[in-house]
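Notes to accompany the following structure.
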2 protein chains.
Amino acid sequence: MYICIVKLEEAIKSSKFRNEVHKAGLNILYTAWWLKTIMSRELKEYGLTHEQYNVLRILKGKYPDQMCVRDVACRMIEKSSNVPRIIDRLEVKKLVKRNTSAEDKRETVITLTPAGLNILAITTEKVNRVLEENVEMDEACAAQLNALLERVRIKE
Amino acid sequence: MYICIVKLEEAIKSSKFRNEVHKAGLNILYTAWWLKTIMSRELKEYGLTHEQYNVLRILKGKYPDQMCVRDVACRMIEKSSNVPRIIDRLEVKKLVKRNTSAEDKRETVITLTPAGLNILAITTEKVNRVLEENVEMDEACAAQLNALLERVRIKE
DNA sequence: AACCGATAGATGTATATACATATAAATTAA
DNA sequence: TTAATTTATATGTATATACATCTATCGGTT
């Protein structure tokens, strides 16, 4: 499976776009898939999926504080990810611990284990490096791209 | 589930980005999720998933010619989509027909049925309209965005 | 013609997504 | 204080993704 094709037209074997806005939509979807594929390839070696890695990263953001499932969920990039079941898999691998909150027994609080912290440190280094190697873009361009992506999502 | 949050920082409750390039990566992933969610909501009414819709759209590109599974697969935006099983579901709904190719018995050729053409016409109209309503971007901006996304994927 | 490697597609498995529903605890209202 | 409502999480189901493997067929070689 080639994943280093540059032009969108080559990647999806089509150059029939209604207009530039339509093309941008497809371009965003394709680039997101491309990014996820690059990252997942690195994570695979450590038995982590992209979403499991995201949950570990989010937990790290509050470490050493615990987080409840809801707080993790609202920080996920893909909002309909099923956090309880991602936690299931991380728990089996002993990368996180799950406990019922003392203050509110409905809440499940999640803690990174030392093993979780460790694998996160290693994989983060790997993922950052592979992105640096694959995405060659200066800060000014990236800032411009960010501004345009925010505009895509503007609804008056 | 809110899907009309504009700023990335609000969407993922974080403003800790290593740099603009890192933020752009997250921004691309989030925007792709946002686009898919908007489109899927429209398709749901017609019992189609986003990927089923993509396959129908690809088949339409060659209509009335047939396409084999491999030709559909290489035109998918997400390359590791499992086309035979997406075809399974479309076939059950009688939106496509599957036949073994006469020239090469390994190949399965797929044809849009009139029902498939019909649902594709209706849903395309719906999807295009909802994107027009939600994405307010002029052609010049979109062209700039496309150029930047291609740059993201450039590997010297 | 028989064999061998390559190709096309189908199938199996684990995980994720999207959405509906269930369960338990907390909060509010009666 | 009981009942109703809301909230937090878990669970169930259908589909999709990612990847491995299996089967049938094709094309080339001997």
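By order of appearance in the structure tokens: chains A, B, ..., then residues from 1 within every chain, and ligands from 1 in the order shown.
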
(message) Distance cut-off 8 Å, counting only C-alpha atoms (C1' of nucleotides) - which residues of chain B neighbour chain D? Return them as a PyMOL selection string.
(response) chain B and resi 80-82+104-106

Could you write out chain B as a short mmCIF file (atom, residue, chain, number, x, y, z; two decimals) with N, CA and C atoms, in the first residue's frame once it has been least-squares superposed on chain A using every ordered C-alpha pair?
```
data_model
loop_
_atom_site.label_atom_id
_atom_site.label_comp_id
_atom_site.auth_asym_id
_atom_site.auth_seq_id
_atom_site.Cartn_x
_atom_site.Cartn_y
_atom_site.Cartn_z
N MET B 1 0.92 -1.23 0.04
CA MET B 1 0.09 -0.02 0.05
C MET B 1 0.97 1.22 0.05
N TYR B 2 0.93 2.05 -1.03
CA TYR B 2 1.72 3.28 -1.06
C TYR B 2 1.04 4.30 -0.17
N ILE B 3 1.80 5.00 0.61
CA ILE B 3 1.16 6.06 1.35
C ILE B 3 1.86 7.39 1.12
N CYS B 4 2.85 7.42 0.23
CA CYS B 4 3.59 8.64 0.04
C CYS B 4 3.28 9.35 -1.27
N ILE B 5 2.12 9.07 -1.82
CA ILE B 5 1.67 9.78 -3.00
C ILE B 5 1.39 11.22 -2.60
N VAL B 6 1.84 12.15 -3.38
CA VAL B 6 1.69 13.54 -2.98
C VAL B 6 0.38 14.16 -3.48
N LYS B 7 0.17 14.08 -4.77
CA LYS B 7 -0.98 14.79 -5.33
C LYS B 7 -2.28 14.05 -5.02
N LEU B 8 -3.29 14.80 -4.63
CA LEU B 8 -4.59 14.21 -4.35
C LEU B 8 -5.13 13.47 -5.57
N GLU B 9 -4.96 14.07 -6.75
CA GLU B 9 -5.47 13.47 -7.98
C GLU B 9 -4.91 12.06 -8.19
N GLU B 10 -3.64 11.89 -7.88
CA GLU B 10 -3.05 10.56 -8.01
C GLU B 10 -3.59 9.63 -6.93
N ALA B 11 -3.72 10.16 -5.73
CA ALA B 11 -4.10 9.34 -4.59
C ALA B 11 -5.48 8.73 -4.78
N ILE B 12 -6.39 9.51 -5.33
CA ILE B 12 -7.75 8.98 -5.46
C ILE B 12 -8.14 8.79 -6.93
N LYS B 13 -7.13 8.86 -7.81
CA LYS B 13 -7.33 8.59 -9.25
C LYS B 13 -8.50 9.38 -9.82
N SER B 14 -8.56 10.61 -9.46
CA SER B 14 -9.65 11.44 -9.96
C SER B 14 -9.23 12.90 -9.98
N SER B 15 -9.66 13.62 -10.97
CA SER B 15 -9.40 15.06 -10.97
C SER B 15 -10.69 15.81 -11.29
N LYS B 16 -11.79 15.08 -11.04
CA LYS B 16 -13.08 15.71 -11.27
C LYS B 16 -13.61 16.28 -9.95
N PHE B 17 -13.30 17.53 -9.70
CA PHE B 17 -13.79 18.18 -8.49
C PHE B 17 -14.76 19.28 -8.91
N ARG B 18 -15.84 19.42 -8.18
CA ARG B 18 -16.82 20.45 -8.54
C ARG B 18 -16.19 21.83 -8.51
N ASN B 19 -15.35 22.04 -7.50
CA ASN B 19 -14.67 23.34 -7.35
C ASN B 19 -13.56 23.15 -6.30
N GLU B 20 -12.89 24.22 -5.96
CA GLU B 20 -11.77 24.12 -5.03
C GLU B 20 -12.23 23.76 -3.62
N VAL B 21 -13.43 24.19 -3.27
CA VAL B 21 -13.94 23.88 -1.92
C VAL B 21 -14.21 22.38 -1.81
N HIS B 22 -14.80 21.82 -2.86
CA HIS B 22 -15.05 20.39 -2.89
C HIS B 22 -13.73 19.62 -2.80
N LYS B 23 -12.76 20.04 -3.58
CA LYS B 23 -11.45 19.39 -3.56
C LYS B 23 -10.83 19.50 -2.17
N ALA B 24 -11.01 20.64 -1.51
CA ALA B 24 -10.44 20.83 -0.18
C ALA B 24 -11.02 19.83 0.82
N GLY B 25 -12.31 19.56 0.68
CA GLY B 25 -12.94 18.57 1.56
C GLY B 25 -12.28 17.21 1.41
N LEU B 26 -12.14 16.76 0.17
CA LEU B 26 -11.51 15.47 -0.08
C LEU B 26 -10.04 15.48 0.38
N ASN B 27 -9.40 16.61 0.17
CA ASN B 27 -7.99 16.75 0.54
C ASN B 27 -7.81 16.65 2.05
N ILE B 28 -8.72 17.23 2.79
CA ILE B 28 -8.66 17.15 4.26
C ILE B 28 -8.85 15.70 4.70
N LEU B 29 -9.85 15.02 4.12
CA LEU B 29 -10.13 13.63 4.50
C LEU B 29 -8.93 12.74 4.17
N TYR B 30 -8.36 12.95 2.98
CA TYR B 30 -7.23 12.11 2.58
C TYR B 30 -6.00 12.39 3.45
N THR B 31 -5.74 13.65 3.72
CA THR B 31 -4.56 14.00 4.51
C THR B 31 -4.68 13.45 5.94
N ALA B 32 -5.90 13.49 6.47
CA ALA B 32 -6.12 12.94 7.81
C ALA B 32 -5.84 11.44 7.81
N TRP B 33 -6.31 10.73 6.78
CA TRP B 33 -6.04 9.30 6.69
C TRP B 33 -4.54 9.04 6.60
N TRP B 34 -3.86 9.86 5.80
CA TRP B 34 -2.41 9.73 5.58
C TRP B 34 -1.67 9.92 6.91
N LEU B 35 -2.06 10.94 7.67
CA LEU B 35 -1.42 11.20 8.96
C LEU B 35 -1.64 10.04 9.93
N LYS B 36 -2.87 9.57 10.00
CA LYS B 36 -3.18 8.47 10.93
C LYS B 36 -2.40 7.22 10.57
N THR B 37 -2.26 6.97 9.27
CA THR B 37 -1.55 5.78 8.83
C THR B 37 -0.07 5.84 9.22
N ILE B 38 0.54 7.00 9.01
CA ILE B 38 1.94 7.17 9.38
C ILE B 38 2.14 6.93 10.88
N MET B 39 1.24 7.51 11.68
CA MET B 39 1.39 7.39 13.12
C MET B 39 1.12 5.96 13.59
N SER B 40 0.07 5.36 13.02
CA SER B 40 -0.29 4.01 13.47
C SER B 40 0.82 3.01 13.21
N ARG B 41 1.53 3.22 12.11
CA ARG B 41 2.62 2.31 11.77
C ARG B 41 3.68 2.31 12.86
N GLU B 42 3.95 3.48 13.43
CA GLU B 42 4.93 3.57 14.51
C GLU B 42 4.41 2.92 15.79
N LEU B 43 3.11 3.13 16.05
CA LEU B 43 2.52 2.67 17.30
C LEU B 43 2.38 1.15 17.34
N LYS B 44 2.21 0.59 16.14
CA LYS B 44 1.93 -0.84 16.05
C LYS B 44 3.00 -1.69 16.73
N GLU B 45 4.23 -1.26 16.58
CA GLU B 45 5.36 -1.97 17.18
C GLU B 45 5.20 -2.10 18.69
N TYR B 46 4.47 -1.16 19.30
CA TYR B 46 4.27 -1.18 20.74
C TYR B 46 2.87 -1.67 21.12
N GLY B 47 2.18 -2.22 20.14
CA GLY B 47 0.87 -2.80 20.40
C GLY B 47 -0.21 -1.78 20.72
N LEU B 48 0.02 -0.53 20.33
CA LEU B 48 -0.98 0.51 20.61
C LEU B 48 -1.68 0.91 19.33
N THR B 49 -2.97 1.18 19.42
CA THR B 49 -3.68 1.79 18.30
C THR B 49 -3.59 3.31 18.46
N HIS B 50 -3.92 3.97 17.39
CA HIS B 50 -3.92 5.43 17.37
C HIS B 50 -4.79 6.00 18.50
N GLU B 51 -5.96 5.41 18.69
CA GLU B 51 -6.88 5.95 19.70
C GLU B 51 -6.42 5.64 21.12
N GLN B 52 -5.84 4.45 21.31
CA GLN B 52 -5.29 4.12 22.62
C GLN B 52 -4.18 5.12 22.98
N TYR B 53 -3.37 5.43 21.99
CA TYR B 53 -2.30 6.42 22.19
C TYR B 53 -2.89 7.78 22.57
N ASN B 54 -3.95 8.18 21.89
CA ASN B 54 -4.59 9.46 22.20
C ASN B 54 -5.08 9.51 23.64
N VAL B 55 -5.67 8.40 24.09
CA VAL B 55 -6.17 8.38 25.47
C VAL B 55 -5.00 8.49 26.45
N LEU B 56 -3.93 7.79 26.20
CA LEU B 56 -2.77 7.89 27.08
C LEU B 56 -2.25 9.34 27.11
N ARG B 57 -2.20 9.96 25.94
CA ARG B 57 -1.71 11.35 25.84
C ARG B 57 -2.60 12.29 26.65
N ILE B 58 -3.89 12.08 26.56
CA ILE B 58 -4.83 12.93 27.29
C ILE B 58 -4.65 12.76 28.79
N LEU B 59 -4.49 11.50 29.22
CA LEU B 59 -4.30 11.23 30.65
C LEU B 59 -3.02 11.90 31.14
N LYS B 60 -2.00 11.88 30.31
CA LYS B 60 -0.72 12.50 30.67
C LYS B 60 -0.90 14.00 30.91
N GLY B 61 -1.82 14.60 30.19
CA GLY B 61 -2.05 16.04 30.30
C GLY B 61 -2.40 16.48 31.72
N LYS B 62 -2.97 15.60 32.52
CA LYS B 62 -3.36 15.93 33.90
C LYS B 62 -2.50 15.20 34.93
N TYR B 63 -1.64 14.32 34.44
CA TYR B 63 -0.84 13.51 35.36
C TYR B 63 -0.08 14.41 36.32
N PRO B 64 0.05 14.05 37.59
CA PRO B 64 -0.39 12.81 38.25
C PRO B 64 -1.85 12.83 38.69
N ASP B 65 -2.60 13.86 38.35
CA ASP B 65 -4.02 13.82 38.69
C ASP B 65 -4.74 12.75 37.87
N GLN B 66 -5.83 12.23 38.41
CA GLN B 66 -6.65 11.27 37.69
C GLN B 66 -7.65 12.01 36.81
N MET B 67 -8.20 11.31 35.84
CA MET B 67 -9.26 11.89 35.03
C MET B 67 -10.42 10.92 34.98
N CYS B 68 -11.64 11.46 34.89
CA CYS B 68 -12.78 10.57 34.72
C CYS B 68 -13.02 10.37 33.22
N VAL B 69 -13.83 9.37 32.90
CA VAL B 69 -14.06 8.96 31.51
C VAL B 69 -14.58 10.14 30.68
N ARG B 70 -15.49 10.90 31.25
CA ARG B 70 -16.09 12.02 30.54
C ARG B 70 -15.05 13.08 30.17
N ASP B 71 -14.11 13.33 31.09
CA ASP B 71 -13.07 14.32 30.82
C ASP B 71 -12.13 13.86 29.71
N VAL B 72 -11.90 12.56 29.65
CA VAL B 72 -11.09 12.04 28.54
C VAL B 72 -11.87 12.20 27.25
N ALA B 73 -13.15 11.79 27.28
CA ALA B 73 -13.95 11.78 26.06
C ALA B 73 -14.05 13.16 25.42
N CYS B 74 -14.22 14.19 26.24
CA CYS B 74 -14.42 15.52 25.65
C CYS B 74 -13.13 16.10 25.11
N ARG B 75 -12.02 15.44 25.39
CA ARG B 75 -10.74 15.90 24.83
C ARG B 75 -10.31 15.09 23.60
N MET B 76 -11.08 14.07 23.27
CA MET B 76 -10.74 13.25 22.10
C MET B 76 -10.95 14.06 20.82
N ILE B 77 -10.14 13.81 19.83
CA ILE B 77 -10.30 14.50 18.55
C ILE B 77 -11.55 13.98 17.85
N GLU B 78 -11.75 12.68 17.87
CA GLU B 78 -12.95 12.10 17.29
C GLU B 78 -13.93 11.89 18.44
N LYS B 79 -14.96 12.73 18.47
CA LYS B 79 -15.81 12.84 19.66
C LYS B 79 -16.61 11.59 19.95
N SER B 80 -16.90 10.80 18.95
CA SER B 80 -17.74 9.64 19.22
C SER B 80 -16.92 8.38 19.50
N SER B 81 -15.65 8.57 19.77
CA SER B 81 -14.84 7.44 20.22
C SER B 81 -15.43 6.87 21.49
N ASN B 82 -15.33 5.59 21.63
CA ASN B 82 -15.95 4.91 22.75
C ASN B 82 -14.91 4.72 23.86
N VAL B 83 -14.78 5.74 24.68
CA VAL B 83 -13.68 5.76 25.65
C VAL B 83 -13.70 4.57 26.62
N PRO B 84 -14.87 4.18 27.19
CA PRO B 84 -14.81 3.06 28.13
C PRO B 84 -14.14 1.81 27.53
N ARG B 85 -14.41 1.53 26.27
CA ARG B 85 -13.83 0.32 25.69
C ARG B 85 -12.36 0.49 25.31
N ILE B 86 -11.96 1.72 25.02
CA ILE B 86 -10.53 1.94 24.79
C ILE B 86 -9.79 1.75 26.11
N ILE B 87 -10.40 2.25 27.19
CA ILE B 87 -9.84 2.06 28.53
C ILE B 87 -9.75 0.57 28.86
N ASP B 88 -10.78 -0.19 28.49
CA ASP B 88 -10.76 -1.65 28.70
C ASP B 88 -9.43 -2.24 28.23
N ARG B 89 -9.09 -1.90 26.98
CA ARG B 89 -7.88 -2.51 26.39
C ARG B 89 -6.61 -2.01 27.06
N LEU B 90 -6.60 -0.74 27.42
CA LEU B 90 -5.43 -0.20 28.10
C LEU B 90 -5.28 -0.82 29.49
N GLU B 91 -6.42 -1.13 30.11
CA GLU B 91 -6.39 -1.73 31.44
C GLU B 91 -5.85 -3.16 31.37
N VAL B 92 -6.30 -3.92 30.36
CA VAL B 92 -5.81 -5.29 30.17
C VAL B 92 -4.28 -5.29 30.02
N LYS B 93 -3.78 -4.28 29.30
CA LYS B 93 -2.33 -4.18 29.09
C LYS B 93 -1.61 -3.53 30.27
N LYS B 94 -2.39 -3.23 31.32
CA LYS B 94 -1.86 -2.62 32.54
C LYS B 94 -1.17 -1.27 32.30
N LEU B 95 -1.70 -0.51 31.35
CA LEU B 95 -1.14 0.81 31.07
C LEU B 95 -1.91 1.89 31.82
N VAL B 96 -3.14 1.54 32.27
CA VAL B 96 -3.93 2.45 33.10
C VAL B 96 -4.60 1.64 34.20
N LYS B 97 -5.03 2.34 35.23
CA LYS B 97 -5.83 1.72 36.29
C LYS B 97 -7.17 2.42 36.38
N ARG B 98 -8.20 1.64 36.64
CA ARG B 98 -9.55 2.18 36.70
C ARG B 98 -10.08 2.02 38.13
N ASN B 99 -10.66 3.10 38.67
CA ASN B 99 -11.26 3.04 40.00
C ASN B 99 -12.55 3.84 40.04
N THR B 100 -13.43 3.43 40.91
CA THR B 100 -14.64 4.21 41.11
C THR B 100 -14.30 5.42 41.98
N SER B 101 -14.79 6.57 41.56
CA SER B 101 -14.51 7.80 42.30
C SER B 101 -15.14 7.73 43.68
N ALA B 102 -14.46 8.26 44.68
CA ALA B 102 -14.98 8.25 46.04
C ALA B 102 -16.07 9.30 46.20
N GLU B 103 -15.87 10.47 45.57
CA GLU B 103 -16.84 11.57 45.71
C GLU B 103 -18.15 11.28 44.99
N ASP B 104 -18.04 10.69 43.79
CA ASP B 104 -19.23 10.42 42.97
C ASP B 104 -19.10 9.01 42.43
N LYS B 105 -19.89 8.11 43.01
CA LYS B 105 -19.71 6.70 42.67
C LYS B 105 -20.09 6.36 41.24
N ARG B 106 -20.70 7.32 40.52
CA ARG B 106 -20.97 7.07 39.10
C ARG B 106 -19.71 7.19 38.26
N GLU B 107 -18.80 8.01 38.74
CA GLU B 107 -17.60 8.29 37.95
C GLU B 107 -16.54 7.20 38.09
N THR B 108 -15.88 6.94 36.97
CA THR B 108 -14.73 6.05 36.96
C THR B 108 -13.50 6.92 36.76
N VAL B 109 -12.59 6.84 37.66
CA VAL B 109 -11.37 7.64 37.50
C VAL B 109 -10.23 6.76 37.01
N ILE B 110 -9.44 7.32 36.13
CA ILE B 110 -8.41 6.56 35.44
C ILE B 110 -7.04 7.17 35.73
N THR B 111 -6.08 6.30 35.97
CA THR B 111 -4.73 6.73 36.27
C THR B 111 -3.75 6.03 35.35
N LEU B 112 -2.77 6.74 34.86
CA LEU B 112 -1.67 6.12 34.13
C LEU B 112 -0.82 5.30 35.09
N THR B 113 -0.44 4.11 34.70
CA THR B 113 0.51 3.33 35.50
C THR B 113 1.93 3.73 35.07
N PRO B 114 2.94 3.34 35.83
CA PRO B 114 4.32 3.59 35.38
C PRO B 114 4.56 2.99 33.99
N ALA B 115 4.02 1.81 33.74
CA ALA B 115 4.17 1.20 32.41
C ALA B 115 3.53 2.06 31.33
N GLY B 116 2.38 2.64 31.66
CA GLY B 116 1.69 3.51 30.72
C GLY B 116 2.49 4.76 30.42
N LEU B 117 3.04 5.36 31.48
CA LEU B 117 3.88 6.55 31.31
C LEU B 117 5.08 6.23 30.44
N ASN B 118 5.63 5.08 30.69
CA ASN B 118 6.84 4.67 29.98
C ASN B 118 6.59 4.46 28.50
N ILE B 119 5.54 3.68 28.18
CA ILE B 119 5.24 3.41 26.76
C ILE B 119 4.84 4.71 26.06
N LEU B 120 4.19 5.60 26.79
CA LEU B 120 3.79 6.88 26.20
C LEU B 120 5.02 7.71 25.85
N ALA B 121 6.01 7.71 26.74
CA ALA B 121 7.23 8.49 26.48
C ALA B 121 7.95 7.95 25.25
N ILE B 122 8.05 6.64 25.17
CA ILE B 122 8.76 6.02 24.04
C ILE B 122 8.03 6.27 22.73
N THR B 123 6.72 6.02 22.74
CA THR B 123 5.98 6.13 21.49
C THR B 123 5.83 7.60 21.06
N THR B 124 5.74 8.50 22.02
CA THR B 124 5.65 9.92 21.66
C THR B 124 6.90 10.35 20.92
N GLU B 125 8.02 9.89 21.42
CA GLU B 125 9.30 10.21 20.76
C GLU B 125 9.28 9.68 19.33
N LYS B 126 8.83 8.45 19.16
CA LYS B 126 8.77 7.81 17.83
C LYS B 126 7.82 8.56 16.89
N VAL B 127 6.63 8.85 17.42
CA VAL B 127 5.61 9.51 16.59
C VAL B 127 6.09 10.91 16.19
N ASN B 128 6.64 11.64 17.15
CA ASN B 128 7.12 12.98 16.82
C ASN B 128 8.19 12.93 15.75
N ARG B 129 9.08 11.95 15.87
CA ARG B 129 10.16 11.87 14.89
C ARG B 129 9.64 11.53 13.50
N VAL B 130 8.72 10.56 13.43
CA VAL B 130 8.23 10.17 12.11
C VAL B 130 7.43 11.31 11.48
N LEU B 131 6.75 12.09 12.29
CA LEU B 131 6.03 13.24 11.73
C LEU B 131 7.01 14.31 11.25
N GLU B 132 8.05 14.54 12.04
CA GLU B 132 9.08 15.50 11.59
C GLU B 132 9.70 15.07 10.27
N GLU B 133 9.92 13.77 10.13
CA GLU B 133 10.54 13.26 8.91
C GLU B 133 9.61 13.38 7.71
N ASN B 134 8.30 13.22 7.97
CA ASN B 134 7.36 13.16 6.85
C ASN B 134 6.67 14.48 6.55
N VAL B 135 6.55 15.32 7.55
CA VAL B 135 5.88 16.60 7.32
C VAL B 135 6.93 17.70 7.37
N GLU B 136 7.26 18.21 6.18
CA GLU B 136 8.27 19.26 6.12
C GLU B 136 7.57 20.57 5.83
N MET B 137 7.25 21.26 6.88
CA MET B 137 6.46 22.48 6.73
C MET B 137 6.97 23.47 7.75
N ASP B 138 7.17 24.71 7.32
CA ASP B 138 7.66 25.71 8.28
C ASP B 138 6.49 26.26 9.09
N GLU B 139 6.85 26.93 10.18
CA GLU B 139 5.85 27.42 11.12
C GLU B 139 4.88 28.40 10.47
N ALA B 140 5.35 29.21 9.56
CA ALA B 140 4.49 30.21 8.93
C ALA B 140 3.41 29.54 8.09
N CYS B 141 3.82 28.55 7.30
CA CYS B 141 2.86 27.80 6.49
C CYS B 141 1.85 27.09 7.37
N ALA B 142 2.35 26.49 8.43
CA ALA B 142 1.46 25.74 9.32
C ALA B 142 0.45 26.68 9.97
N ALA B 143 0.88 27.86 10.32
CA ALA B 143 -0.03 28.84 10.93
C ALA B 143 -1.13 29.24 9.94
N GLN B 144 -0.71 29.39 8.70
CA GLN B 144 -1.66 29.74 7.65
C GLN B 144 -2.67 28.60 7.45
N LEU B 145 -2.14 27.39 7.45
CA LEU B 145 -3.00 26.21 7.32
C LEU B 145 -4.00 26.15 8.47
N ASN B 146 -3.52 26.40 9.68
CA ASN B 146 -4.43 26.38 10.83
C ASN B 146 -5.54 27.41 10.69
N ALA B 147 -5.18 28.59 10.22
CA ALA B 147 -6.19 29.64 10.04
C ALA B 147 -7.24 29.20 9.01
N LEU B 148 -6.79 28.56 7.94
CA LEU B 148 -7.72 28.13 6.89
C LEU B 148 -8.62 27.00 7.38
N LEU B 149 -8.07 26.08 8.16
CA LEU B 149 -8.88 24.97 8.69
C LEU B 149 -9.95 25.51 9.64
N GLU B 150 -9.59 26.50 10.44
CA GLU B 150 -10.59 27.10 11.32
C GLU B 150 -11.69 27.75 10.47
N ARG B 151 -11.30 28.33 9.36
CA ARG B 151 -12.30 28.94 8.48
C ARG B 151 -13.23 27.90 7.89
N VAL B 152 -12.70 26.72 7.60
CA VAL B 152 -13.56 25.66 7.07
C VAL B 152 -14.70 25.40 8.03
N ARG B 153 -14.40 25.44 9.30
CA ARG B 153 -15.41 25.09 10.31
C ARG B 153 -16.24 26.27 10.78
N ILE B 154 -16.02 27.43 10.22
CA ILE B 154 -16.82 28.58 10.64
C ILE B 154 -18.23 28.46 10.10
N LYS B 155 -19.17 28.63 10.98
CA LYS B 155 -20.57 28.72 10.59
C LYS B 155 -21.05 30.04 11.17
N GLU B 156 -21.28 30.96 10.29
CA GLU B 156 -21.59 32.36 10.66
C GLU B 156 -22.21 32.52 12.02
#
```

Contact table chain C vs chain B, cut-off 8 Å, shortest pair per residue, only C-alpha atoms (C1' of nucleotides), as a Markdown table:
```
| residue | atom | partner | partner_atom | distance |
| --- | --- | --- | --- | --- |
| C:DA8 | C1' | B:Arg106 | CA | 5.2 |
| C:DG9 | C1' | B:Arg106 | CA | 6.9 |
| C:DA10 | C1' | B:Pro84 | CA | 7.4 |
```

(message) Just list as a list in words whatever in region 66-142 of chain B DSSP marks as strand (DSSP E or B).
(response)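 Selection result, strand (DSSP E or B) within region 66-142 of chain B: Met67, Cys68, Val96, Lys97, Arg98, Asn99, Thr100, Thr108, Val109, Ile110, Thr111 and Leu112 of chain B.
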
Output file for the residues above (N, CA and C atoms, as a short mmCIF file (atom, residue, chain, number, x, y, z; two decimals), in the first residue's frame):
```cif
data_model
loop_
_atom_site.label_atom_id
_atom_site.label_comp_id
_atom_site.auth_asym_id
_atom_site.auth_seq_id
_atom_site.Cartn_x
_atom_site.Cartn_y
_atom_site.Cartn_z
N MET B 67 -17.07 -1.61 -12.83
CA MET B 67 -15.74 -1.50 -12.24
C MET B 67 -15.46 -2.75 -11.45
N CYS B 68 -14.19 -3.15 -11.40
CA CYS B 68 -13.84 -4.27 -10.55
C CYS B 68 -13.47 -3.74 -9.16
N VAL B 96 -26.22 -2.19 -5.76
CA VAL B 96 -25.23 -2.60 -6.77
C VAL B 96 -25.46 -4.07 -7.10
N LYS B 97 -24.91 -4.48 -8.22
CA LYS B 97 -24.92 -5.90 -8.59
C LYS B 97 -23.49 -6.37 -8.76
N ARG B 98 -23.25 -7.61 -8.34
CA ARG B 98 -21.91 -8.16 -8.39
C ARG B 98 -21.90 -9.34 -9.37
N ASN B 99 -20.90 -9.36 -10.27
CA ASN B 99 -20.76 -10.48 -11.20
C ASN B 99 -19.30 -10.84 -11.39
N THR B 100 -19.07 -12.09 -11.70
CA THR B 100 -17.72 -12.49 -12.02
C THR B 100 -17.40 -12.05 -13.45
N THR B 108 -14.22 -9.49 -9.82
CA THR B 108 -15.64 -9.28 -9.58
C THR B 108 -15.99 -7.91 -10.13
N VAL B 109 -16.92 -7.87 -11.02
CA VAL B 109 -17.30 -6.57 -11.57
C VAL B 109 -18.61 -6.11 -10.93
N ILE B 110 -18.68 -4.82 -10.68
CA ILE B 110 -19.78 -4.25 -9.92
C ILE B 110 -20.50 -3.21 -10.78
N THR B 111 -21.81 -3.25 -10.72
CA THR B 111 -22.63 -2.32 -11.47
C THR B 111 -23.61 -1.63 -10.55
N LEU B 112 -23.81 -0.35 -10.73
CA LEU B 112 -24.87 0.37 -10.03
C LEU B 112 -26.22 -0.08 -10.57
#
```

(message) Can you pull out every residue from region 84-150 of chain B that DSSP, working from the backbone, puts in helix (DSSP H, G or I), and format the result as a PyMOL selection string?
(response) chain B and resi 84-92+114-134+139-150
